[in-house]
Amino acid sequence: MPFTLPPLPWAIDALESKGMSQRTMEFHYGKHHTAYLNNLNGQIAGKALEQLPSVHEVMLQTWNNGNPTPEFNNAAQVINHTFFWESMSPNGGGKPSGKVAEAIDRDLGGYDKFVEAFKTAGATQFGSGWAWLSVSKAGKLEVSKSPNAENPWVHGNTPILTMDVWEHAYYLDVQNRRPDFIANFIDKLIDWQRVEQRYVAATSQ
Amino acid sequence: MKLSLWLAVLAVAAAAFPHGAAAQNFTLPSLPYETDAFEPSIDNMTMTFHWTRHTNAFVTNLNSQVLVKCPELNGKSLLELVLAVGAKCNSWNERRGWGKRAARDGCLTIPTECETLVRNNAGGFWNHGLFFLHNLAPAGTQKYSDDASEELQTAIWEAFSDYDTLKANFSAAAAGVFGSGWAWLVTDDDGKLSIVTTPNQDNPLFANAPAKGWPILGLDVWEHAYYLKYYNVRASYIAAFFDVINWKGVSAVYAAAKDGSYGSIDVLKPAANFED
């Protein structure tokens, strides 16, 4: 059965006034994300991978312990992008609260330190990639970055927030000014409620 | 590649770029053409941003980070830096028993704290120098059949049977780069052509390049190279690139590579055909 993309969590223009334009979303979701999904379905047609219950499962299998097979890039990018949309909200931005805020204080030294680390991760991922906030196997929050399609899931960690820093994520809106994109994401877009839910889920055994 | 050829390249590079006493900061050259002269292949805004923002950032980083953190790299040419990426000079010396001579002749060791900076910024500046100043010519000014040298056309015929096959193979390679990177037409010491790709700002001149060669033509497939006009449709950008190739410039680089003087090409100086 071919896999399908979940719909966006909000209208295609919902983030326009928050700095992520409708035009960007049309291409990012309608072209890039959709192409990863279509390409993946094409690659796995008639193969055992097609029988796996989710794209997440395909991603983990095709990571192949660090020697990814050709399907990995598409599977991981499908997962990464869905996670990215669900990390943002038209009501997003501002500061976290609740358990994840406590964890940020405890594990990362506070919100300001988180912001600095997350900005650095996003700005210094050379080429294409992602910045992440994850719960490690040891149960601690950590900020990380990854190239291309790679992500913390394949390393056994549990992301709770991601930010796409492939140029297609920001080029129409801010061109080369990736740091402006990153600052705007942090200030205006992060869905901290969702991040909190993910944190709680990741830390309750 | 042949050791003697490599040393010859370095000798030419060193002679062309004398080691000055003062910090030899890099500067962004002026483009030898108008940025709006590449439509419909490449739009004006992309040509402008790509050179004045993206390429200029490498210049800034080289000057403010590399040359400051690793002042012993002052005076090294861009080509010297690029050739040194990933070089393991000690083992090279040991393997060949050249000892002091190798050190004098220029197995350049990049200090660890500058390795990534040099890789990304010297690589990036070199790549864009070749691309903008030797590989691009305004739309409608050149044609492969008229402007590629006989020598180059013969080499292309030998490696690919014809221009269309070169185009198809190069296009497939460029389209297949996942994430950011470049596609290259490279030659070996004997003039034999092949196509290789590299990630990010790596290139086939690096000492640790998995596929080495003398690049004569490169195509930037980082999204910033095409997104404003082509959005996600990289294939259209690749196809359009073939209409703005500076075949005269490519031929000149090829000729230099084939006769052992690749180092005589200064990628930061526009191709000679712009002097006409």
# chains A, B, ... in the order shown; residues from 1 in each chain; ligands from 1
>>> residues_around(residues="Lys99 of chain A", least_positions_apart="4", cutoff="9 Å", atoms="only C-alpha atoms", output="list in words")
Ala103, Ile104, Glu196, Tyr199 and Val200 of chain A
>>> residues_around(residues="Val135 of chain A", least_positions_apart="4", cutoff="7 Å", atoms="only C-alpha atoms", output="list in words")
Gly139, Lys140, Leu141, Glu142, Asn157, Thr158, Pro159 and Ala202 of chain A
>>> residues_around(residues="segment 81-94 of chain A", least_positions_apart="4", cutoff="6 Å", atoms="only C-alpha atoms", output="tab-separated table (two decimals) with N, CA and C atoms, in the first residue's frame")
chain	number	residue	atom	x	y	z
A	14	ALA	N	-1.23	30.01	7.07
A	14	ALA	CA	-1.40	30.30	8.49
A	14	ALA	C	-0.16	30.90	9.15
A	15	LEU	N	1.01	30.65	8.56
A	15	LEU	CA	2.25	31.14	9.17
A	15	LEU	C	2.77	32.39	8.46
A	77	GLN	N	13.31	12.00	5.03
A	77	GLN	CA	12.84	13.36	4.74
A	77	GLN	C	11.32	13.47	4.86
A	161	LEU	N	11.65	18.46	18.94
A	161	LEU	CA	11.55	19.69	18.15
A	161	LEU	C	12.57	19.64	17.03
A	162	THR	N	12.17	20.08	15.84
A	162	THR	CA	13.14	20.19	14.77
A	162	THR	C	12.96	21.46	13.95
A	187	ASP	N	11.55	32.68	17.77
A	187	ASP	CA	10.71	33.73	18.38
A	187	ASP	C	9.23	33.52	18.12
A	188	LYS	N	8.89	33.06	16.93
A	188	LYS	CA	7.48	33.16	16.51
A	188	LYS	C	6.80	31.84	16.16
A	189	LEU	N	7.53	30.79	15.95
A	189	LEU	CA	6.90	29.62	15.35
A	189	LEU	C	6.85	28.35	16.21
A	190	ILE	N	7.75	28.19	17.14
A	190	ILE	CA	7.82	26.91	17.87
A	190	ILE	C	6.50	26.66	18.61
A	191	ASP	N	5.95	25.48	18.39
A	191	ASP	CA	4.74	25.07	19.09
A	191	ASP	C	5.16	24.40	20.40
>>> interface_residues(of="chain A", to="chain B", cutoff="8 Å", atoms="only C-alpha atoms", output="list of chain:residue names")
A:Phe27, A:Lys31, A:His32, A:Phe126, A:Gly127, A:Ser128, A:Gly129, A:Asn148, A:Trp166, A:Glu167, A:His168, A:Tyr171, A:Leu172, A:Gln175, A:Asn176
>>> atom_distance(atom1="atom CA of Val250 of chain B", atom2="atom CA of Phe170 of chain B")
14.7 Å
>>> atom_distance(atom1="atom CA of Ala207 of chain B", atom2="atom CA of Gly86 of chain B")
5.2 Å
>>> residues_around(residues="Gln22 of chain A", least_positions_apart="3", cutoff="6 Å", atoms="only C-alpha atoms", output="list in words")
Ile12, Asp13, Glu16 and Met25 of chain A
>>> select_by_dssp(residues="segment 119-167 of chain A", states="helix (DSSP H, G or I)", output="count of residues only")
11
>>> residues_around(residues="Asp43 of chain B", least_positions_apart="4", cutoff="12 Å", atoms="only C-alpha atoms", output="list in words")
Glu34, Thr35, Asp36, Ala37, Phe38, Glu39, Met47, Thr48, Phe49, His50, Pro138, Ala139, His224, Ala225, Tyr226, Tyr227, Leu228, Lys229, Tyr230, Tyr237, Ala240, Phe241 and Val244 of chain B
>>> closest_residue(among="A:Asp173, A:Glu150, A:Asp180, A:Asp164", to="Gly66 of chain A", atoms="only C-alpha atoms")
A:Glu150
>>> closest_residue(among="B:Gly176, B:Gly249, B:Pro270, B:Gly191", to="Asn73 of chain A", atoms="only C-alpha atoms")
B:Gly176
>>> closest_residue(among="B:Leu117, B:Val9, B:Ala87, B:Leu31", to="Lys269 of chain B", atoms="only C-alpha atoms")
B:Leu31
>>> closest_residue(among="B:Val59, B:Met45, B:Ser145, B:His134", to="Ile265 of chain B", atoms="only C-alpha atoms")
B:His134
>>> select_by_dssp(residues="segment 40-226 of chain B", states="strand (DSSP E or B)", output="JSON, numbers by chain")
{"B": [136, 181, 182, 183, 184, 185, 186, 187, 193, 194, 195, 196, 197, 198, 199, 214, 215, 216, 217, 218, 219, 220]}
